[in-house]
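Chemist: To be precise about what I am sending: the file is called input06.pdb and holds PDB, C-alpha atoms.
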MODEL        1
ATOM      1  CA  MET I   1      70.739 -55.502 -25.189
ATOM      2  CA  ASN I   2      69.392 -56.628 -21.807
ATOM      3  CA  GLY I   3      69.487 -53.079 -20.441
ATOM      4  CA  TYR I   4      67.912 -51.572 -23.540
ATOM      5  CA  THR I   5      64.978 -53.918 -24.223
ATOM      6  CA  TYR I   6      62.291 -51.280 -23.808
ATOM      7  CA  GLN I   7      64.119 -48.588 -25.804
ATOM      8  CA  TRP I   8      64.886 -50.946 -28.679
ATOM      9  CA  SER I   9      61.320 -52.317 -28.765
ATOM     10  CA  LEU I  10      59.968 -48.772 -28.910
ATOM     11  CA  PHE I  11      62.228 -47.981 -31.866
ATOM     12  CA  VAL I  12      61.312 -51.215 -33.707
ATOM     13  CA  ASP I  13      57.589 -50.551 -33.210
ATOM     14  CA  TRP I  14      57.979 -47.000 -34.518
ATOM     15  CA  CYS I  15      59.941 -48.203 -37.568
ATOM     16  CA  THR I  16      57.238 -50.772 -38.334
ATOM     17  CA  ALA I  17      54.555 -48.084 -38.167
ATOM     18  CA  ALA I  18      56.642 -45.706 -40.289
ATOM     19  CA  ASP I  19      57.483 -48.478 -42.809
ATOM     20  CA  VAL I  20      61.249 -47.994 -42.500
ATOM     21  CA  GLU I  21      64.022 -50.419 -41.603
ATOM     22  CA  ALA I  22      65.073 -50.652 -37.972
ATOM     23  CA  LEU I  23      68.206 -52.650 -38.740
ATOM     24  CA  PRO I  24      70.120 -51.134 -40.327
ATOM     25  CA  ALA I  25      68.707 -47.712 -39.537
ATOM     26  CA  SER I  26      70.005 -44.556 -41.157
ATOM     27  CA  PRO I  27      70.862 -41.440 -39.125
ATOM     28  CA  ILE I  28      67.885 -39.744 -40.825
ATOM     29  CA  THR I  29      65.578 -42.454 -39.502
ATOM     30  CA  LEU I  30      67.039 -41.980 -36.033
ATOM     31  CA  VAL I  31      66.503 -38.208 -36.191
ATOM     32  CA  GLN I  32      62.898 -38.686 -37.277
ATOM     33  CA  PHE I  33      62.310 -41.169 -34.452
ATOM     34  CA  LEU I  34      63.695 -38.771 -31.844
ATOM     35  CA  ASP I  35      61.702 -35.878 -33.308
ATOM     36  CA  GLU I  36      58.408 -37.796 -33.187
ATOM     37  CA  ASN I  37      59.094 -39.179 -29.696
ATOM     38  CA  PRO I  38      60.191 -36.131 -27.670
ATOM     39  CA  ALA I  39      61.839 -36.573 -24.282
ATOM     40  CA  GLY I  40      64.608 -35.119 -22.147
ATOM     41  CA  ASP I  41      68.264 -35.331 -23.117
ATOM     42  CA  ALA I  42      68.962 -38.248 -20.753
ATOM     43  CA  VAL I  43      66.107 -40.342 -22.181
ATOM     44  CA  GLN I  44      67.058 -39.536 -25.764
ATOM     45  CA  LEU I  45      70.682 -40.448 -25.095
ATOM     46  CA  ARG I  46      69.559 -43.793 -23.705
ATOM     47  CA  ARG I  47      67.425 -44.425 -26.769
ATOM     48  CA  VAL I  48      70.360 -43.623 -29.049
ATOM     49  CA  SER I  49      72.585 -45.904 -26.971
ATOM     50  CA  ALA I  50      70.087 -48.765 -27.392
ATOM     51  CA  ILE I  51      69.902 -48.272 -31.167
ATOM     52  CA  ASN I  52      73.680 -47.960 -31.467
ATOM     53  CA  ARG I  53      74.212 -51.108 -29.386
ATOM     54  CA  ALA I  54      71.785 -53.126 -31.519
ATOM     55  CA  HIS I  55      73.708 -52.164 -34.641
ATOM     56  CA  LEU I  56      77.167 -52.726 -33.163
ATOM     57  CA  ASP I  57      76.181 -56.154 -31.850
ATOM     58  CA  VAL I  58      75.576 -57.363 -35.409
ATOM     59  CA  GLY I  59      78.571 -55.583 -36.940
ATOM     60  CA  LEU I  60      76.704 -52.622 -38.454
ATOM     61  CA  PRO I  61      77.742 -48.947 -38.139
ATOM     62  CA  ALA I  62      75.933 -47.142 -35.331
ATOM     63  CA  PRO I  63      73.633 -44.445 -36.786
ATOM     64  CA  GLY I  64      73.897 -42.271 -33.673
ATOM     65  CA  LEU I  65      77.670 -41.824 -33.731
ATOM     66  CA  VAL I  66      77.707 -38.799 -36.024
ATOM     67  CA  THR I  67      78.309 -35.132 -35.349
ATOM     68  CA  SER I  68      74.804 -33.917 -36.191
ATOM     69  CA  ILE I  69      73.176 -36.430 -33.809
ATOM     70  CA  ARG I  70      75.493 -35.442 -30.976
ATOM     71  CA  ILE I  71      74.735 -31.756 -31.436
ATOM     72  CA  ALA I  72      70.978 -32.393 -31.498
ATOM     73  CA  LEU I  73      71.060 -34.575 -28.365
ATOM     74  CA  ASP I  74      72.775 -31.976 -26.221
ATOM     75  CA  SER I  75      70.481 -28.941 -26.134
ATOM     76  CA  ALA I  76      73.039 -26.702 -24.390
ATOM     77  CA  ARG I  77      75.634 -27.463 -27.015
ATOM     78  CA  SER I  78      73.060 -26.922 -29.772
ATOM     79  CA  ASP I  79      72.265 -23.428 -28.468
ATOM     80  CA  SER I  80      75.935 -22.498 -28.223
ATOM     81  CA  THR I  81      76.517 -23.869 -31.728
ATOM     82  CA  ILE I  82      73.827 -21.571 -33.131
ATOM     83  CA  ARG I  83      75.350 -18.524 -31.450
ATOM     84  CA  ARG I  84      78.851 -19.462 -32.536
ATOM     85  CA  ALA I  85      77.673 -20.111 -36.106
ATOM     86  CA  GLU I  86      76.241 -16.605 -36.390
ATOM     87  CA  GLN I  87      79.457 -15.059 -35.052
ATOM     88  CA  TYR I  88      81.714 -17.093 -37.326
ATOM     89  CA  GLN I  89      79.542 -16.458 -40.381
ATOM     90  CA  LEU I  90      79.930 -12.704 -39.919
ATOM     91  CA  ILE I  91      83.711 -13.049 -39.631
ATOM     92  CA  ALA I  92      83.904 -15.336 -42.672
ATOM     93  CA  ALA I  93      81.825 -12.941 -44.787
ATOM     94  CA  GLY I  94      84.301 -10.133 -44.118
ATOM     95  CA  LEU I  95      87.435 -12.001 -45.232
ATOM     96  CA  PRO I  96      89.018 -11.158 -48.608
ATOM     97  CA  THR I  97      88.587 -13.641 -51.459
ATOM     98  CA  VAL I  98      90.152 -11.831 -54.426
ATOM     99  CA  GLY I  99      93.466 -10.027 -54.753
ATOM    100  CA  SER I 100      96.690 -10.610 -52.886
ATOM    101  CA  THR I 101      97.986 -13.472 -50.768
ATOM    102  CA  ALA I 102      95.579 -12.370 -48.022
ATOM    103  CA  ALA I 103      92.719 -13.548 -50.256
ATOM    104  CA  LEU I 104      94.226 -17.045 -50.342
ATOM    105  CA  PHE I 105      94.199 -17.170 -46.548
ATOM    106  CA  GLY I 106      90.752 -15.554 -46.558
ATOM    107  CA  ARG I 107      89.224 -18.292 -48.702
ATOM    108  CA  ARG I 108      90.642 -21.049 -46.530
ATOM    109  CA  ASP I 109      89.942 -19.406 -43.175
ATOM    110  CA  ALA I 110      86.332 -18.649 -44.159
ATOM    111  CA  VAL I 111      85.727 -22.377 -44.698
ATOM    112  CA  LEU I 112      87.372 -23.278 -41.391
ATOM    113  CA  LEU I 113      85.170 -20.750 -39.575
ATOM    114  CA  VAL I 114      81.969 -21.990 -41.234
ATOM    115  CA  LEU I 115      82.786 -25.622 -40.421
ATOM    116  CA  SER I 116      83.612 -24.748 -36.822
ATOM    117  CA  GLY I 117      80.424 -22.718 -36.537
ATOM    118  CA  ALA I 118      78.468 -25.746 -37.768
ATOM    119  CA  GLY I 119      79.667 -27.721 -34.748
ATOM    120  CA  LEU I 120      82.684 -29.609 -36.072
ATOM    121  CA  SER I 121      85.619 -29.843 -33.684
ATOM    122  CA  CYS I 122      89.114 -28.787 -34.736
ATOM    123  CA  ARG I 123      90.083 -32.460 -34.905
ATOM    124  CA  ALA I 124      87.106 -33.216 -37.150
ATOM    125  CA  ILE I 125      87.958 -30.308 -39.463
ATOM    126  CA  ALA I 126      91.592 -31.418 -39.693
ATOM    127  CA  GLY I 127      90.459 -34.911 -40.697
ATOM    128  CA  LEU I 128      87.744 -33.803 -43.137
ATOM    129  CA  ASP I 129      88.079 -34.879 -46.774
ATOM    130  CA  ARG I 130      86.906 -32.599 -49.571
ATOM    131  CA  ASN I 131      84.792 -35.430 -51.013
ATOM    132  CA  ASP I 132      82.745 -35.371 -47.799
ATOM    133  CA  ILE I 133      81.416 -31.923 -48.763
ATOM    134  CA  THR I 134      78.703 -31.427 -51.378
ATOM    135  CA  THR I 135      76.518 -28.471 -52.288
ATOM    136  CA  ASP I 136      72.858 -28.084 -53.160
ATOM    137  CA  GLY I 137      72.034 -24.605 -54.349
ATOM    138  CA  HIS I 138      73.381 -22.215 -51.707
ATOM    139  CA  THR I 139      73.592 -24.849 -48.948
ATOM    140  CA  VAL I 140      76.329 -27.297 -47.952
ATOM    141  CA  TRP I 141      76.068 -30.916 -46.838
ATOM    142  CA  ILE I 142      78.903 -32.497 -44.830
ATOM    143  CA  GLY I 143      78.689 -36.247 -45.176
ATOM    144  CA  GLY I 144      80.841 -39.045 -43.814
ATOM    145  CA  ARG I 145      80.288 -39.590 -40.122
ATOM    146  CA  HIS I 146      79.177 -35.989 -39.549
ATOM    147  CA  ARG I 147      75.990 -35.568 -41.613
ATOM    148  CA  VAL I 148      75.706 -31.844 -40.954
ATOM    149  CA  HIS I 149      73.605 -29.498 -43.081
ATOM    150  CA  ILE I 150      74.741 -25.852 -43.330
ATOM    151  CA  ALA I 151      71.887 -23.733 -44.639
ATOM    152  CA  SER I 152      72.042 -20.332 -46.279
ATOM    153  CA  ASN I 153      70.636 -17.248 -44.583
ATOM    154  CA  ASP I 154      68.670 -14.925 -46.853
ATOM    155  CA  ALA I 155      68.477 -12.195 -44.206
ATOM    156  CA  SER I 156      72.259 -11.889 -43.843
ATOM    157  CA  GLY I 157      73.141 -13.023 -47.370
ATOM    158  CA  PHE I 158      75.189 -15.925 -46.009
ATOM    159  CA  GLU I 159      75.792 -18.556 -48.718
ATOM    160  CA  PRO I 160      77.931 -21.450 -47.457
ATOM    161  CA  ALA I 161      78.088 -23.020 -50.933
ATOM    162  CA  THR I 162      79.788 -19.896 -52.287
ATOM    163  CA  ILE I 163      82.330 -19.854 -49.450
ATOM    164  CA  TRP I 164      83.133 -23.538 -49.983
ATOM    165  CA  GLY I 165      83.262 -23.106 -53.779
ATOM    166  CA  GLN I 166      85.878 -20.351 -53.536
ATOM    167  CA  TRP I 167      88.251 -22.516 -51.491
ATOM    168  CA  HIS I 168      87.477 -25.700 -53.423
ATOM    169  CA  THR I 169      88.446 -23.863 -56.618
ATOM    170  CA  VAL I 170      91.850 -23.090 -55.097
ATOM    171  CA  LEU I 171      92.329 -26.719 -54.031
ATOM    172  CA  GLN I 172      91.401 -28.023 -57.480
ATOM    173  CA  PHE I 173      93.544 -25.478 -59.297
ATOM    174  CA  SER I 174      96.593 -26.139 -57.123
ATOM    175  CA  GLU I 175      96.193 -29.872 -57.631
ATOM    176  CA  HIS I 176      96.204 -29.632 -61.428
ATOM    177  CA  TYR I 177      98.427 -26.552 -61.814
ATOM    178  CA  PRO I 178     100.978 -26.680 -58.968
ATOM    179  CA  SER I 179     102.417 -23.192 -59.449
ATOM    180  CA  THR I 180     102.273 -20.570 -56.726
ATOM    181  CA  THR I 181     102.849 -17.770 -59.254
ATOM    182  CA  LEU I 182     100.062 -19.011 -61.514
ATOM    183  CA  LEU I 183      97.726 -19.382 -58.537
ATOM    184  CA  ALA I 184      98.491 -15.818 -57.423
ATOM    185  CA  GLU I 185      97.856 -14.548 -60.954
ATOM    186  CA  HIS I 186      94.385 -16.082 -61.166
ATOM    187  CA  LEU I 187      93.595 -15.131 -57.569
ATOM    188  CA  GLN I 188      94.528 -11.512 -58.302
ATOM    189  CA  ARG I 189      91.780 -11.174 -60.894
ATOM    190  CA  ASN I 190      89.543 -14.124 -59.941
ATOM    191  CA  THR I 191      89.957 -15.634 -63.404
ATOM    192  CA  PHE I 192      90.117 -19.337 -62.572
ATOM    193  CA  PRO I 193      89.355 -21.690 -65.468
ATOM    194  CA  ASP I 194      86.281 -23.892 -65.505
ATOM    195  CA  MET I 195      87.235 -27.095 -63.667
ATOM    196  CA  THR I 196      83.823 -28.741 -63.359
ATOM    197  CA  GLY I 197      84.872 -31.564 -65.683
ATOM    198  CA  LEU I 198      87.997 -32.475 -63.761
ATOM    199  CA  PRO I 199      87.956 -35.687 -61.702
ATOM    200  CA  GLN I 200      87.149 -35.276 -58.005
ATOM    201  CA  ARG I 201      90.033 -36.578 -55.927
ATOM    202  CA  ARG I 202      90.366 -37.143 -52.224
ATOM    203  CA  GLY I 203      92.319 -34.634 -50.171
ATOM    204  CA  PRO I 204      92.170 -32.623 -46.961
ATOM    205  CA  VAL I 205      89.980 -29.547 -46.655
ATOM    206  CA  ALA I 206      92.230 -27.817 -44.102
ATOM    207  CA  VAL I 207      95.533 -27.210 -45.883
ATOM    208  CA  PRO I 208      98.442 -25.161 -44.467
ATOM    209  CA  ILE I 209      99.678 -22.085 -46.343
ATOM    210  CA  ASP I 210     103.079 -20.527 -45.731
ATOM    211  CA  ARG I 211     103.644 -16.788 -45.562
ATOM    212  CA  TRP I 212     104.448 -16.573 -49.293
ATOM    213  CA  GLY I 213     101.252 -18.306 -50.359
ATOM    214  CA  HIS I 214     102.721 -21.737 -51.030
ATOM    215  CA  LEU I 215     100.497 -24.775 -50.521
ATOM    216  CA  PRO I 216     102.311 -28.019 -49.640
ATOM    217  CA  LEU I 217     103.102 -30.467 -52.428
ATOM    218  CA  PRO I 218     102.056 -33.187 -51.992
ATOM    219  CA  VAL I 219      99.046 -31.818 -50.149
ATOM    220  CA  THR I 220      99.057 -32.383 -46.398
ATOM    221  CA  ALA I 221      96.433 -31.579 -43.796
ATOM    222  CA  MET I 222      96.659 -29.035 -41.010
ATOM    223  CA  THR I 223      96.780 -30.395 -37.486
ATOM    224  CA  ALA I 224      93.901 -29.850 -35.066
ATOM    225  CA  ALA I 225      96.077 -27.391 -33.133
ATOM    226  CA  GLU I 226      96.778 -25.386 -36.308
ATOM    227  CA  VAL I 227      93.078 -25.266 -37.167
ATOM    228  CA  GLY I 228      92.302 -24.130 -33.619
ATOM    229  CA  ALA I 229      94.955 -21.415 -33.785
ATOM    230  CA  VAL I 230      93.505 -19.982 -37.013
ATOM    231  CA  ILE I 231      89.962 -19.931 -35.625
ATOM    232  CA  ALA I 232      91.113 -18.440 -32.315
ATOM    233  CA  ARG I 233      92.961 -15.609 -34.069
ATOM    234  CA  HIS I 234      89.888 -14.620 -36.059
ATOM    235  CA  ARG I 235      87.602 -14.938 -33.047
ATOM    236  CA  THR I 236      89.775 -12.635 -30.972
ATOM    237  CA  GLY I 237      90.322 -10.191 -33.831
ATOM    238  CA  VAL I 238      94.091 -10.638 -34.034
ATOM    239  CA  SER I 239      94.305 -12.451 -37.358
ATOM    240  CA  PRO I 240      97.624 -11.694 -39.090
ATOM    241  CA  LEU I 241      97.996  -9.158 -41.871
ATOM    242  CA  HIS I 242      99.446 -10.645 -45.047
ATOM    243  CA  THR I 243     101.774  -8.425 -47.071
ATOM    244  CA  PRO I 244     100.706  -8.456 -50.737
ATOM    245  CA  ARG I 245     103.216  -9.290 -53.411
ATOM    246  CA  ARG I 246     104.404  -6.537 -55.700
ATOM    247  CA  THR I 247     102.538  -6.647 -59.006
ATOM    248  CA  ILE I 248     104.789  -6.547 -62.075
ATOM    249  CA  VAL I 249     103.790  -6.408 -65.729
ATOM    250  CA  ARG I 250     104.983  -8.715 -68.466
ATOM    251  CA  PRO I 251     106.359  -6.922 -71.559
ATOM    252  CA  PHE I 252     103.733  -6.323 -74.223
ATOM    253  CA  ASP I 253     104.305  -8.703 -77.145
ATOM    254  CA  GLY I 254     101.554  -7.422 -79.437
ATOM    255  CA  THR I 255      99.321 -10.452 -79.006
ATOM    256  CA  GLY I 256      97.165  -9.161 -76.211
ATOM    257  CA  PRO I 257      97.020  -6.866 -73.180
ATOM    258  CA  SER I 258      99.882  -6.775 -70.748
ATOM    259  CA  ASP I 259      99.501  -9.465 -68.098
ATOM    260  CA  PRO I 260     100.101  -8.543 -64.446
ATOM    261  CA  ILE I 261     101.562 -11.277 -62.291
ATOM    262  CA  SER I 262     102.713 -11.444 -58.708
ATOM    263  CA  ALA I 263     106.327 -11.479 -57.668
ATOM    264  CA  PRO I 264     108.087 -11.202 -54.329
ATOM    265  CA  GLU I 265     108.855  -7.646 -53.350
ATOM    266  CA  SER I 266     112.404  -6.711 -52.449
ATOM    267  CA  VAL I 267     112.769  -3.537 -50.420
ATOM    268  CA  PRO I 268     116.244  -2.449 -49.313
ATOM    269  CA  ALA I 269     116.437  -1.145 -45.775
ATOM    270  CA  GLU I 270     119.097  -0.117 -43.330
ATOM    271  CA  LEU I 271     118.670  -1.941 -40.045
ATOM    272  CA  ASP I 272     120.182  -0.875 -36.774
ATOM    273  CA  SER I 273     122.005  -3.332 -34.527
ATOM    274  CA  GLY I 274     118.988  -3.865 -32.253
ATOM    275  CA  TYR I 275     116.477  -4.580 -35.021
ATOM    276  CA  TYR I 276     116.598  -8.359 -34.926
ATOM    277  CA  ARG I 277     116.751  -8.521 -31.132
ATOM    278  CA  SER I 278     113.675  -6.332 -30.724
ATOM    279  CA  GLY I 279     111.848  -8.325 -33.396
ATOM    280  CA  VAL I 280     112.608 -11.628 -31.698
ATOM    281  CA  GLU I 281     111.496 -10.240 -28.341
ATOM    282  CA  ALA I 282     108.224  -8.986 -29.837
ATOM    283  CA  ARG I 283     107.518 -12.369 -31.396
ATOM    284  CA  ARG I 284     108.343 -14.112 -28.120
ATOM    285  CA  ARG I 285     105.910 -11.888 -26.207
ATOM    286  CA  ALA I 286     103.163 -12.515 -28.748
ATOM    287  CA  TYR I 287     103.807 -16.254 -28.721
ATOM    288  CA  THR I 288     103.678 -16.356 -24.931
ATOM    289  CA  ALA I 289     100.433 -14.373 -24.806
ATOM    290  CA  LEU I 290      98.639 -16.548 -27.377
ATOM    291  CA  ALA I 291     100.275 -19.938 -26.887
ATOM    292  CA  ASP I 292      97.488 -21.324 -24.707
ATOM    293  CA  VAL I 293      94.584 -20.238 -26.919
ATOM    294  CA  PRO I 294      94.548 -23.228 -29.370
ATOM    295  CA  ASP I 295      94.953 -25.694 -26.522
ATOM    296  CA  MET I 296      92.093 -24.069 -24.616
ATOM    297  CA  VAL I 297      89.785 -24.297 -27.630
ATOM    298  CA  ASP I 298      90.696 -27.936 -28.243
ATOM    299  CA  ASP I 299      90.360 -28.731 -24.543
ATOM    300  CA  VAL I 300      86.820 -27.356 -24.350
ATOM    301  CA  GLU I 301      85.746 -29.268 -27.462
ATOM    302  CA  ASP I 302      87.444 -32.452 -26.271
ATOM    303  CA  ARG I 303      85.719 -32.196 -22.895
ATOM    304  CA  ILE I 304      82.338 -31.855 -24.599
ATOM    305  CA  GLU I 305      83.000 -34.949 -26.711
ATOM    306  CA  GLN I 306      84.307 -36.870 -23.708
ATOM    307  CA  LEU I 307      81.181 -35.958 -21.745
ATOM    308  CA  LEU I 308      78.936 -37.442 -24.387
ATOM    309  CA  GLU I 309      81.151 -40.511 -24.796
ATOM    310  CA  ARG I 310      81.176 -41.028 -21.024
ATOM    311  CA  THR I 311      77.382 -40.882 -20.960
ATOM    312  CA  LEU I 312      77.128 -43.489 -23.684
ATOM    313  CA  ARG I 313      79.672 -45.738 -21.957
ATOM    314  CA  LEU I 314      77.788 -45.382 -18.678
ATOM    315  CA  LEU I 315      74.546 -46.410 -20.319
ATOM    316  CA  ASN I 316      76.286 -49.352 -21.974
ATOM    317  CA  SER I 317      78.026 -50.490 -18.790
ATOM    318  CA  PRO I 318      77.135 -53.806 -17.037
ATOM    319  CA  ALA I 319      75.895 -51.841 -14.029
ATOM    320  CA  THR I 320      72.846 -50.749 -16.031
ATOM    321  CA  SER I 321      72.233 -54.039 -17.793
ATOM    322  CA  GLY I 322      69.425 -54.935 -15.405
ATOM    323  CA  SER I 323      67.417 -51.781 -16.081
ATOM    324  CA  THR I 324      64.948 -51.327 -18.910
TER
ENDMDL
END
Give the structure from the file, written as structure tokens.
Modeler:
Amino acid sequence: MNGYTYQWSLFVDWCTAADVEALPASPITLVQFLDENPAGDAVQLRRVSAINRAHLDVGLPAPGLVTSIRIALDSARSDSTIRRAEQYQLIAAGLPTVGSTAALFGRRDAVLLVLSGAGLSCRAIAGLDRNDITTDGHTVWIGGRHRVHIASNDASGFEPATIWGQWHTVLQFSEHYPSTTLLAEHLQRNTFPDMTGLPQRRGPVAVPIDRWGHLPLPVTAMTAAEVGAVIARHRTGVSPLHTPRRTIVRPFDGTGPSDPISAPESVPAELDSGYYRSGVEARRRAYTALADVPDMVDDVEDRIEQLLERTLRLLNSPATSGST
């Protein structure tokens, strides 16, 4: 703490005046301190470093090592996050949520876009647990180490709680009723049962879906690269089209209305000798053209995180221990 004596003393004095604890301090306390003591980014970063160091030295979690604090400390990143959030919200609002298999992808992808727009990196989204997300009215709170609040927008009609609820319903339903056909049936008509009384279990938010609408069992998380690829496709307007299943009708048994369900469609076709070759070549061209996009997105986000980490390490280094 030798290099942070002044910054830490300032924080302790402010906490005493505000009648809150300085050690341990919550991220909310840290945000309030920074808000009531404005300064440039470099000064605020040094203050956060001092508070983090004081906590780490006594074995307590550092209140400044959360996503929301990092976004607030870097004004340039905060501005870009706001612009990206607006863009991603518009895309998410236009995705299907009821009907065919495309609606299953739409519910998941909308959540990924909203989380990315809120400032979470692809790696953070891939590691996010569903229990870290709670709702309050139309807004969403991302807890854990992120502590990010996603507010609704009355002007645009954006309701993050609704978008999260639609995907969370799918995750809950699939967990308790692991049937792709049954999931497709309820998704077709949006007739999911009430699951509010079911126990809340841990599990990833970002879950892969294969082309037929199957979710993995047991549930596994998408990788950061897979999350980045999904977001990149929507951002560039080249998200894949999902072929809906053919709807068939169960025979009427006199006990109620006929019940449409989804079943794979089988369409006979005569293929010429060059069909498969041309298809493989088309896929290869598409893969080559888009292969670098997820890596580029991850690289930019990683560089931003590394920049902030490097700043904190620099401020914590022995070379600055003599400064105050």
Chemist: Once 3 Å is added on each side, what are the centre and the three edge lengths, in Å to one decimal, of the axis-aligned box enclosing the listed atoms of range 231-240 of chain I? Present them as lines of an AutoDock Vina configuration file.
Modeler:
center_x = 92.6
center_y = -15.1
center_z = -35.0
size_x = 16.0
size_y = 15.7
size_z = 14.1
Chemist: Can I get the residues of range 123-213 of chain I within 12 Å of range 52-75 of chain I, each with the closest pair of atoms and their distance in Å to one decimal, using only C-alpha atoms, sorted chain first then ascending number, as a tab-separated table?
Modeler:
residue	atom	partner	partner_atom	distance
I:Ala124	CA	I:Thr67	CA	9.2
I:Ile125	CA	I:Thr67	CA	11.5
I:Trp141	CA	I:Ser68	CA	11.1
I:Ile142	CA	I:Ser68	CA	9.7
I:Gly143	CA	I:Val66	CA	9.6
I:Gly144	CA	I:Val66	CA	8.4
I:Arg145	CA	I:Val66	CA	4.9
I:His146	CA	I:Thr67	CA	4.4
I:Arg147	CA	I:Ser68	CA	5.8
I:Val148	CA	I:Ser68	CA	5.3
I:His149	CA	I:Ser68	CA	8.3
I:Ile150	CA	I:Ser68	CA	10.8
Chemist: Quick one: apply the PyMOL selection byres ((chain I and resi 111-119) around 9) to the file and drop the selected residues here as a VMD selection string.
Modeler: chain I and resid 67 to 68 71 77 to 78 81 to 89 91 to 92 106 to 110 120 to 122 125 148 to 150 160 163 to 164 167 205 to 206 227 230 to 231 234
Chemist: For the residues in the current selection, export C-alpha atoms as a JSON list (two decimals), in the frame of the given file.
Modeler:
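Okay, selection19.json is ready:
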[["chain", "number", "residue", "atom", "x", "y", "z"],
["I", 67, "THR", "CA", 78.31, -35.13, -35.35],
["I", 68, "SER", "CA", 74.80, -33.92, -36.19],
["I", 71, "ILE", "CA", 74.74, -31.76, -31.44],
["I", 77, "ARG", "CA", 75.63, -27.46, -27.02],
["I", 78, "SER", "CA", 73.06, -26.92, -29.77],
["I", 81, "THR", "CA", 76.52, -23.87, -31.73],
["I", 82, "ILE", "CA", 73.83, -21.57, -33.13],
["I", 83, "ARG", "CA", 75.35, -18.52, -31.45],
["I", 84, "ARG", "CA", 78.85, -19.46, -32.54],
["I", 85, "ALA", "CA", 77.67, -20.11, -36.11],
["I", 86, "GLU", "CA", 76.24, -16.60, -36.39],
["I", 87, "GLN", "CA", 79.46, -15.06, -35.05],
["I", 88, "TYR", "CA", 81.71, -17.09, -37.33],
["I", 89, "GLN", "CA", 79.54, -16.46, -40.38],
["I", 91, "ILE", "CA", 83.71, -13.05, -39.63],
["I", 92, "ALA", "CA", 83.90, -15.34, -42.67],
["I", 106, "GLY", "CA", 90.75, -15.55, -46.56],
["I", 107, "ARG", "CA", 89.22, -18.29, -48.70],
["I", 108, "ARG", "CA", 90.64, -21.05, -46.53],
["I", 109, "ASP", "CA", 89.94, -19.41, -43.18],
["I", 110, "ALA", "CA", 86.33, -18.65, -44.16],
["I", 120, "LEU", "CA", 82.68, -29.61, -36.07],
["I", 121, "SER", "CA", 85.62, -29.84, -33.68],
["I", 122, "CYS", "CA", 89.11, -28.79, -34.74],
["I", 125, "ILE", "CA", 87.96, -30.31, -39.46],
["I", 148, "VAL", "CA", 75.71, -31.84, -40.95],
["I", 149, "HIS", "CA", 73.60, -29.50, -43.08],
["I", 150, "ILE", "CA", 74.74, -25.85, -43.33],
["I", 160, "PRO", "CA", 77.93, -21.45, -47.46],
["I", 163, "ILE", "CA", 82.33, -19.85, -49.45],
["I", 164, "TRP", "CA", 83.13, -23.54, -49.98],
["I", 167, "TRP", "CA", 88.25, -22.52, -51.49],
["I", 205, "VAL", "CA", 89.98, -29.55, -46.66],
["I", 206, "ALA", "CA", 92.23, -27.82, -44.10],
["I", 227, "VAL", "CA", 93.08, -25.27, -37.17],
["I", 230, "VAL", "CA", 93.50, -19.98, -37.01],
["I", 231, "ILE", "CA", 89.96, -19.93, -35.62],
["I", 234, "HIS", "CA", 89.89, -14.62, -36.06]]
Chemist: For Leu183 in chain I, list every protein, DNA or RNA residue within 9 Å, evaluated using only C-alpha atoms, and leave out those in the same chain fewer than 4 positions away; present the list as a VMD selection string.
Modeler: chain I and resid 170 173 to 174 177 to 179 187 to 188 192 213
Chemist: Kindly indicate which residue among I:Arg130, I:Arg47, I:Arg189, I:His138 lies nearest to Leu34 in chain I, using all atoms listed in the file for the distances.
Modeler: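 Closest residue, counting all atoms listed in the file: I:Arg47.
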Chemist: To one decimal in Å, tell me the separation between CA of Thr162 in chain I and CA of Asp194 in chain I.
Modeler: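 About the pair CA of Thr162 in chain I and CA of Asp194 in chain I: they are 15.3 Å apart.
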Chemist: Quick one: which residues end up in the PyMOL selection byres ((chain I and resi 199) around 12) for this structure, as an mmCIF file with C-alpha atoms, in the frame of the given file?
Modeler:
data_model
loop_
_atom_site.group_PDB
_atom_site.id
_atom_site.type_symbol
_atom_site.label_atom_id
_atom_site.label_comp_id
_atom_site.auth_asym_id
_atom_site.auth_seq_id
_atom_site.Cartn_x
_atom_site.Cartn_y
_atom_site.Cartn_z
ATOM 1 C CA ASN I 131 84.792 -35.430 -51.013
ATOM 2 C CA GLN I 172 91.401 -28.023 -57.480
ATOM 3 C CA PHE I 173 93.544 -25.478 -59.297
ATOM 4 C CA GLU I 175 96.193 -29.872 -57.631
ATOM 5 C CA HIS I 176 96.204 -29.632 -61.428
ATOM 6 C CA MET I 195 87.235 -27.095 -63.667
ATOM 7 C CA THR I 196 83.823 -28.741 -63.359
ATOM 8 C CA GLY I 197 84.872 -31.564 -65.683
ATOM 9 C CA LEU I 198 87.997 -32.475 -63.761
ATOM 10 C CA GLN I 200 87.149 -35.276 -58.005
ATOM 11 C CA ARG I 201 90.033 -36.578 -55.927
ATOM 12 C CA ARG I 202 90.366 -37.143 -52.224
#
Chemist: Please measure the separation of CA of Met222 in chain I and CA of Val207 in chain I, giving the value in Å to one decimal.
Modeler: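 We find that CA of Met222 in chain I and CA of Val207 in chain I lie 5.3 Å from each other.
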Chemist: Counting all atoms listed in the file, what is within 10 Å of Asp136 in chain I, bar same-chain residues fewer than 3 positions away, as a compact mmCIF listing (two decimals) with C-alpha atoms, keeping the file's coordinate frame?
Modeler:
# COMPACT_ATOMS: atom_id res chain seq x y z
CA THR I 139 73.59 -24.85 -48.95
CA VAL I 140 76.33 -27.30 -47.95
CA TRP I 141 76.07 -30.92 -46.84
CA ALA I 151 71.89 -23.73 -44.64
CA ALA I 161 78.09 -23.02 -50.93
Chemist: Mind giving me the straight-line distance from CA of Leu215 in chain I to CA of Ala232 in chain I in Å, one decimal?
Modeler: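 Separation between CA of Leu215 in chain I and CA of Ala232 in chain I: 21.4 Å.
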